[in-house]
>>> print(open('start29.txt').read())   # compact mmCIF, C-alpha atoms
# COMPACT_ATOMS: atom_id res chain seq x y z
CA MET F 1 -2.84 4.92 -16.31
CA GLN F 2 -6.10 3.10 -15.71
CA CYS F 3 -8.59 5.01 -13.56
CA HIS F 4 -11.24 3.12 -11.61
CA VAL F 5 -13.77 4.41 -9.09
CA PHE F 6 -13.80 2.87 -5.60
CA THR F 7 -16.75 3.24 -3.21
CA ASN F 8 -17.70 2.33 0.36
CA PRO F 9 -21.43 1.56 0.19
CA GLN F 10 -21.56 0.52 3.85
CA GLN F 11 -21.33 4.22 4.73
CA GLY F 12 -24.82 4.74 3.36
CA ALA F 13 -26.05 3.71 -0.08
CA SER F 14 -28.80 1.70 -1.68
CA TYR F 15 -28.22 -0.61 -4.63
CA ASP F 16 -29.77 2.07 -6.85
CA ASP F 17 -27.14 4.58 -5.67
CA VAL F 18 -24.38 2.11 -6.50
CA ALA F 19 -25.83 1.14 -9.89
CA THR F 20 -26.40 4.76 -10.96
CA THR F 21 -22.77 5.58 -10.19
CA ALA F 22 -21.39 2.46 -11.89
CA LYS F 23 -23.32 3.23 -15.07
CA ALA F 24 -22.06 6.82 -14.96
CA VAL F 25 -18.50 5.52 -14.60
CA GLU F 26 -19.00 3.54 -17.80
CA ASP F 27 -20.59 6.46 -19.67
CA LEU F 28 -17.81 8.83 -18.60
CA GLY F 29 -15.04 6.67 -20.06
CA LEU F 30 -13.48 5.56 -16.77
CA ASP F 31 -12.10 2.05 -16.61
CA GLY F 32 -13.86 0.32 -13.73
CA PHE F 33 -16.10 0.34 -10.67
CA PHE F 34 -15.01 -1.29 -7.41
CA ARG F 35 -16.53 -1.46 -3.96
CA SER F 36 -15.52 -2.41 -0.43
CA ASP F 37 -16.72 -5.55 1.32
CA HIS F 38 -18.20 -4.43 4.65
CA PHE F 39 -21.49 -4.88 6.51
CA LEU F 40 -21.19 -2.11 9.11
CA ALA F 41 -20.83 1.65 8.73
CA MET F 42 -17.70 3.26 10.19
CA ALA F 43 -16.58 6.57 11.65
CA GLY F 44 -20.02 7.52 12.94
CA ALA F 45 -21.91 7.22 9.66
CA GLU F 46 -25.55 6.14 9.87
CA GLY F 47 -25.14 3.68 7.03
CA LEU F 48 -28.73 3.98 5.84
CA PRO F 49 -30.60 2.22 4.32
CA GLY F 50 -28.26 -0.62 5.34
CA PRO F 51 -25.46 -2.73 3.88
CA THR F 52 -25.50 -4.27 0.43
CA ASP F 53 -23.70 -7.54 -0.24
CA THR F 54 -20.60 -7.14 -2.41
CA TRP F 55 -21.05 -10.11 -4.72
CA VAL F 56 -24.82 -9.76 -5.06
CA THR F 57 -24.14 -6.17 -6.12
CA LEU F 58 -21.37 -7.09 -8.55
CA GLY F 59 -23.51 -9.79 -10.13
CA ALA F 60 -26.27 -7.26 -10.76
CA LEU F 61 -23.81 -4.68 -12.11
CA ALA F 62 -22.40 -7.34 -14.43
CA ARG F 63 -25.75 -7.28 -16.23
CA GLU F 64 -26.24 -3.50 -16.07
CA THR F 65 -22.85 -2.57 -17.56
CA ARG F 66 -21.02 -3.70 -20.69
CA ARG F 67 -17.43 -2.45 -20.65
CA ILE F 68 -15.98 -1.49 -17.27
CA ARG F 69 -14.03 -3.75 -14.94
CA LEU F 70 -15.89 -4.74 -11.76
CA GLY F 71 -14.43 -5.88 -8.47
CA SER F 72 -13.86 -5.71 -4.75
CA LEU F 73 -11.23 -4.07 -2.55
CA MET F 74 -11.04 -6.30 -0.63
CA THR F 75 -13.36 -9.29 -0.34
CA SER F 76 -12.99 -10.47 3.27
CA ALA F 77 -11.71 -14.01 3.76
CA THR F 78 -13.66 -14.21 7.03
CA PHE F 79 -17.09 -13.78 5.45
CA ARG F 80 -17.35 -16.71 3.01
CA HIS F 81 -16.24 -20.32 2.60
CA PRO F 82 -13.50 -20.42 -0.07
CA GLY F 83 -15.04 -23.21 -2.13
CA LEU F 84 -18.35 -21.41 -2.42
CA LEU F 85 -16.64 -18.05 -2.97
CA ALA F 86 -14.79 -19.52 -5.95
CA VAL F 87 -18.17 -20.51 -7.42
CA THR F 88 -19.62 -17.04 -6.78
CA VAL F 89 -16.75 -15.12 -8.37
CA ALA F 90 -16.60 -17.46 -11.37
CA GLN F 91 -20.34 -17.00 -11.92
CA VAL F 92 -20.08 -13.20 -11.79
CA ASP F 93 -17.17 -13.40 -14.21
CA GLN F 94 -19.45 -15.34 -16.57
CA MET F 95 -22.27 -12.84 -16.06
CA SER F 96 -19.94 -9.96 -16.94
CA ASN F 97 -18.28 -11.76 -19.88
CA GLY F 98 -14.90 -11.75 -18.17
CA ARG F 99 -14.75 -8.33 -16.49
CA VAL F 100 -14.16 -9.29 -12.84
CA ASP F 101 -11.10 -8.50 -10.71
CA PHE F 102 -10.90 -10.33 -7.38
CA GLY F 103 -9.48 -8.21 -4.59
CA PHE F 104 -9.00 -10.46 -1.54
CA GLY F 105 -7.87 -9.82 2.02
CA THR F 106 -7.80 -11.32 5.50
CA GLY F 107 -10.66 -9.20 6.90
CA TRP F 108 -9.98 -6.58 9.52
CA HIS F 109 -13.00 -4.73 10.99
CA GLU F 110 -13.81 -6.64 14.17
CA PRO F 111 -17.04 -4.76 15.12
CA GLU F 112 -18.91 -5.99 12.03
CA HIS F 113 -17.89 -9.55 12.84
CA ARG F 114 -19.32 -9.19 16.34
CA ALA F 115 -22.46 -7.52 15.02
CA TYR F 116 -23.31 -10.36 12.65
CA GLY F 117 -21.88 -13.29 14.58
CA VAL F 118 -18.97 -13.96 12.22
CA PRO F 119 -15.88 -15.57 13.83
CA TYR F 120 -12.90 -13.24 14.00
CA PRO F 121 -9.71 -15.17 14.78
CA ALA F 122 -6.41 -13.59 15.80
CA ILE F 123 -4.29 -12.14 13.01
CA GLY F 124 -2.03 -15.18 12.74
CA GLU F 125 -4.95 -17.54 12.17
CA ARG F 126 -6.60 -15.09 9.77
CA PHE F 127 -3.45 -15.14 7.64
CA ASP F 128 -3.29 -18.94 7.84
CA ARG F 129 -6.88 -19.19 6.65
CA PHE F 130 -6.28 -16.52 4.00
CA GLU F 131 -3.36 -18.47 2.56
CA GLU F 132 -5.40 -21.67 2.43
CA GLN F 133 -8.27 -19.82 0.81
CA LEU F 134 -6.00 -18.45 -1.91
CA ALA F 135 -4.77 -21.98 -2.63
CA ILE F 136 -8.33 -23.32 -2.76
CA ILE F 137 -9.89 -20.57 -4.88
CA THR F 138 -7.10 -20.44 -7.45
CA GLY F 139 -6.87 -24.23 -7.38
CA LEU F 140 -10.55 -24.61 -8.21
CA TRP F 141 -10.30 -22.10 -11.06
CA ASN F 142 -7.24 -23.89 -12.44
CA THR F 143 -8.81 -27.36 -12.31
CA GLY F 144 -9.37 -28.68 -15.80
CA GLN F 145 -12.76 -29.54 -17.21
CA GLY F 146 -13.62 -33.09 -16.15
CA GLU F 147 -11.00 -33.08 -13.40
CA VAL F 148 -11.49 -32.68 -9.63
CA PHE F 149 -9.77 -30.62 -6.94
CA THR F 150 -8.92 -31.89 -3.45
CA HIS F 151 -7.47 -29.91 -0.57
CA HIS F 152 -6.70 -31.27 2.89
CA GLY F 153 -5.51 -28.34 4.97
CA ARG F 154 -5.55 -27.28 8.58
CA HIS F 155 -8.73 -25.22 8.26
CA TYR F 156 -10.47 -26.45 5.08
CA GLN F 157 -11.17 -29.85 3.60
CA LEU F 158 -12.35 -30.26 -0.01
CA THR F 159 -12.71 -33.66 -1.66
CA ASP F 160 -13.23 -34.19 -5.39
CA ALA F 161 -14.63 -30.72 -6.08
CA PRO F 162 -15.33 -30.39 -9.84
CA GLY F 163 -13.97 -26.85 -10.08
CA LEU F 164 -17.12 -25.55 -11.75
CA PRO F 165 -18.32 -23.18 -13.03
CA LYS F 166 -15.35 -21.93 -15.00
CA PRO F 167 -14.76 -18.17 -15.24
CA VAL F 168 -14.60 -16.62 -18.70
CA GLN F 169 -11.09 -15.40 -17.97
CA ARG F 170 -8.42 -18.02 -17.43
CA ARG F 171 -8.87 -16.85 -13.90
CA PRO F 172 -10.13 -13.53 -12.55
CA PRO F 173 -7.09 -11.38 -11.69
CA VAL F 174 -6.27 -11.64 -7.99
CA ILE F 175 -5.51 -8.41 -6.12
CA ILE F 176 -3.65 -8.51 -2.78
CA GLY F 177 -2.58 -5.46 -0.79
CA GLY F 178 -1.38 -4.32 2.59
CA THR F 179 1.57 -3.09 4.60
CA GLY F 180 2.74 -6.37 6.12
CA ARG F 181 6.46 -6.86 5.59
CA THR F 182 6.66 -10.65 5.29
CA ARG F 183 3.55 -12.71 4.65
CA THR F 184 1.74 -10.13 2.53
CA PRO F 185 4.58 -9.79 -0.02
CA ARG F 186 5.11 -13.56 -0.04
CA LEU F 187 1.45 -14.30 -0.78
CA ALA F 188 1.35 -11.57 -3.41
CA GLY F 189 4.41 -12.97 -5.13
CA ARG F 190 2.85 -16.43 -5.24
CA TYR F 191 -0.82 -15.74 -5.97
CA ALA F 192 -1.50 -12.13 -7.03
CA ASP F 193 -1.82 -10.51 -10.42
CA GLU F 194 -1.88 -7.05 -8.83
CA PHE F 195 -0.47 -5.54 -5.64
CA ASN F 196 -2.45 -2.66 -4.16
CA TYR F 197 -1.40 0.20 -1.87
CA ALA F 198 -4.03 2.05 0.16
CA PHE F 199 -3.49 5.83 0.29
CA PRO F 200 0.31 5.51 0.10
CA THR F 201 3.15 8.00 0.01
CA LEU F 202 5.67 7.59 -2.77
CA GLU F 203 8.18 6.45 -0.15
CA GLU F 204 5.82 3.72 1.06
CA ILE F 205 5.33 2.52 -2.52
CA ALA F 206 9.08 2.21 -2.94
CA ALA F 207 9.69 0.42 0.37
CA GLN F 208 6.87 -2.12 0.13
CA GLY F 209 7.49 -2.49 -3.60
CA ALA F 210 11.04 -3.62 -2.91
CA ARG F 211 9.75 -6.30 -0.55
CA VAL F 212 7.18 -7.44 -3.12
CA ASP F 213 9.86 -7.54 -5.82
CA ALA F 214 12.05 -9.73 -3.60
CA ALA F 215 9.14 -12.07 -2.90
CA CYS F 216 8.50 -12.46 -6.63
CA GLU F 217 12.13 -13.25 -7.29
CA GLU F 218 12.16 -15.87 -4.52
CA VAL F 219 9.54 -17.90 -6.41
CA GLY F 220 11.20 -17.35 -9.78
CA ARG F 221 8.76 -14.72 -10.97
CA ALA F 222 9.64 -11.49 -12.77
CA PRO F 223 8.44 -8.57 -10.59
CA SER F 224 7.26 -6.80 -13.74
CA THR F 225 4.49 -9.41 -14.10
CA LEU F 226 2.80 -8.09 -10.94
CA ARG F 227 0.76 -4.95 -11.63
CA ARG F 228 1.00 -2.18 -9.00
CA SER F 229 -2.02 -0.06 -8.07
CA ALA F 230 -3.06 2.48 -5.45
CA VAL F 231 -6.24 3.72 -3.80
CA VAL F 232 -6.17 7.52 -3.69
CA LEU F 233 -8.50 10.29 -2.61
CA LEU F 234 -9.65 12.50 -5.50
CA VAL F 235 -10.67 16.10 -4.89
CA CYS F 236 -10.48 18.03 -8.14
CA GLY F 237 -11.85 21.46 -9.09
CA ARG F 238 -11.14 24.53 -11.15
CA ASP F 239 -10.08 26.65 -8.14
CA ARG F 240 -9.56 26.54 -4.38
CA ALA F 241 -13.20 27.25 -3.65
CA ALA F 242 -14.36 24.30 -5.76
CA VAL F 243 -11.76 22.01 -4.18
CA ALA F 244 -12.79 23.14 -0.69
CA GLN F 245 -16.45 22.52 -1.47
CA ARG F 246 -15.77 19.02 -2.75
CA SER F 247 -13.44 18.15 0.12
CA ARG F 248 -16.23 18.27 2.71
CA ALA F 249 -16.40 14.58 3.53
CA VAL F 250 -19.59 12.67 4.04
CA GLY F 251 -19.36 9.67 6.36
CA GLY F 252 -16.22 10.68 8.21
CA LEU F 253 -13.79 8.31 6.47
CA PHE F 254 -11.35 10.86 5.09
CA THR F 255 -8.43 12.39 7.00
CA PRO F 256 -5.99 15.27 6.36
CA GLN F 257 -3.28 12.65 5.80
CA MET F 258 -5.31 11.10 2.99
CA MET F 259 -5.77 14.56 1.48
CA GLU F 260 -2.00 15.11 1.49
CA ARG F 261 -1.40 11.76 -0.22
CA GLY F 262 -4.19 12.03 -2.77
CA LEU F 263 -5.04 13.78 -6.01
CA VAL F 264 -6.10 17.15 -4.68
CA GLY F 265 -6.27 20.43 -6.58
CA SER F 266 -6.70 21.75 -10.09
CA PRO F 267 -6.70 19.44 -13.12
CA SER F 268 -3.07 20.32 -13.92
CA ARG F 269 -2.01 19.57 -10.34
CA VAL F 270 -3.88 16.26 -10.40
CA VAL F 271 -2.24 15.32 -13.72
CA ASP F 272 1.20 16.09 -12.28
CA ARG F 273 0.46 13.98 -9.23
CA ILE F 274 -0.72 11.07 -11.40
CA GLY F 275 2.58 11.37 -13.24
CA GLN F 276 4.43 10.92 -9.93
CA PHE F 277 2.47 7.74 -9.21
CA ALA F 278 3.24 6.47 -12.72
CA GLU F 279 6.96 7.11 -12.21
CA ALA F 280 6.73 5.10 -8.97
CA GLY F 281 5.45 2.11 -10.93
CA ILE F 282 1.70 2.52 -10.40
CA SER F 283 -0.36 1.69 -13.49
CA ARG F 284 -3.87 1.62 -12.01
CA LEU F 285 -5.56 4.10 -9.67
CA TYR F 286 -8.71 3.54 -7.60
CA LEU F 287 -10.33 6.93 -7.08
CA GLN F 288 -12.33 7.71 -3.96
CA THR F 289 -14.20 10.99 -3.66
CA PRO F 290 -15.38 12.56 -0.38
CA HIS F 291 -18.98 12.35 -1.62
CA GLN F 292 -18.57 8.88 -3.00
CA PHE F 293 -21.56 8.96 -5.35
CA ASP F 294 -20.87 12.47 -6.66
CA VAL F 295 -21.27 11.86 -10.39
CA ASP F 296 -20.65 15.54 -11.17
CA HIS F 297 -17.23 15.28 -9.54
CA LEU F 298 -16.41 12.18 -11.60
CA ALA F 299 -17.62 13.97 -14.73
CA TYR F 300 -15.31 16.92 -14.02
CA PHE F 301 -12.36 14.51 -13.66
CA SER F 302 -13.36 12.69 -16.84
CA HIS F 303 -13.65 15.87 -18.89
CA HIS F 304 -10.64 17.80 -17.54
CA VAL F 305 -8.11 15.17 -16.42
CA LEU F 306 -8.60 11.98 -18.44
CA PRO F 307 -7.87 13.63 -21.82
CA GLN F 308 -4.45 14.68 -20.48
CA LEU F 309 -3.45 11.15 -19.48
CA GLY F 310 -3.13 9.91 -23.06
>>> encode(input="start29.txt", output="structure tokens")
Amino acid sequence: MQCHVFTNPQQGASYDDVATTAKAVEDLGLDGFFRSDHFLAMAGAEGLPGPTDTWVTLGALARETRRIRLGSLMTSATFRHPGLLAVTVAQVDQMSNGRVDFGFGTGWHEPEHRAYGVPYPAIGERFDRFEEQLAIITGLWNTGQGEVFTHHGRHYQLTDAPGLPKPVQRRPPVIIGGTGRTRTPRLAGRYADEFNYAFPTLEEIAAQGARVDAACEEVGRAPSTLRRSAVVLLVCGRDRAAVAQRSRAVGGLFTPQMMERGLVGSPSRVVDRIGQFAEAGISRLYLQTPHQFDVDHLAYFSHHVLPQLG
């Protein structure tokens, strides 16, 4: 089981907060550091000192770390033009020597779009644009050296794009997630290297997983080639008092439902719960903590849980 840390810097964090945590993640032996892609705080958080851009941050972290995977859950398709986003992600992949994972979604938080003047189409158009963007970004990455890429779609027009720069990886792994029953599984089956569940129950993993499997088979792809992952809330401590102390959320994002679905309790209980996720087909976890930059909490997990995962 791979264990990555996932943060929401829009709730209130400077770049220094993010960088300190990412470097601790690397030092503690965890596998990666991921962040959300938002420009507005949620659930009543003050969000001070203000938002940090996802790909500016990841580019800087690419130079401040050496081993861990770096990525986004999920980069919003509404925020950036796909041709230029392909350039950005490829450059960060170069800067990190091939350590980038590209989580990508339609975009969903309307208030931040209004706040910054970003168009926010209806869900059908967002999915249409998202599908075109996936075709463009992966098409640019797959364009051979000395060749050009052209796309004439409903929403985007590219003519003779050189498909440069090239990422270090053949292409950064694409992560798609969500609960949609039709288009989400279809796009994952066609474009994704990883399918992600956000705070799921085991039953939800099974139900959506069956739809994703069917979508893979429809395009002649073995479902086993699509990694499955989950975002989970981590609250781990030696006893109930320690768990209660760490469960006091900052920023208001965490709910009792997320607690019930997460990794909550003693190290042995957390290990057992990770085993349940593994049996459900999950091979990568993205760990969120109530105090998202609580390095001591991550250290406790690293010292008392990671050694038991093999």
>>> residues_around(input="start29.txt", residues="F:Gln276", least_positions_apart="2", cutoff="12 Å", atoms="all atoms listed in the file", output="PyMOL selection string")
chain F and resi 1+201-203+205+261-263+269-274+278-283
>>> atom_distance(input="start29.txt", atom1="atom CA of F:Gln288", atom2="atom CA of F:Val231")
7.3 Å
>>> residues_around(input="start29.txt", residues="stretch 56-70 of chain F", least_positions_apart="2", cutoff="6 Å", atoms="only C-alpha atoms", output="list in words")
Glu26, Asp31, Gly32, Phe33, Phe34, Asp53, Thr54, Val92, Met95, Ser96, Arg99 and Val100 of chain F
>>> closest_residue(input="start29.txt", among="F:Gly12, F:Gly146, F:Gly177, F:Gly117", to="F:Thr75", atoms="only C-alpha atoms")
F:Gly177
>>> closest_residue(input="start29.txt", among="F:Gly103, F:Gly83, F:Gly180, F:Pro49", to="F:Ile136", atoms="all atoms listed in the file")
F:Gly83
>>> closest_residue(input="start29.txt", among="F:Glu110, F:Ala161, F:Ala249, F:Ala135", to="F:Phe293", atoms="only C-alpha atoms")
F:Ala249
>>> residues_around(input="start29.txt", residues="F:Phe104", least_positions_apart="2", cutoff="9 Å", atoms="all atoms listed in the file", output="JSON, numbers by chain")
{"F": [72, 73, 74, 75, 76, 77, 102, 106, 107, 130, 134, 174, 175, 176, 177]}
>>> closest_residue(input="start29.txt", among="F:Pro119, F:Arg181, F:Ser247, F:Thr7", to="F:Ala19", atoms="only C-alpha atoms")
F:Thr7
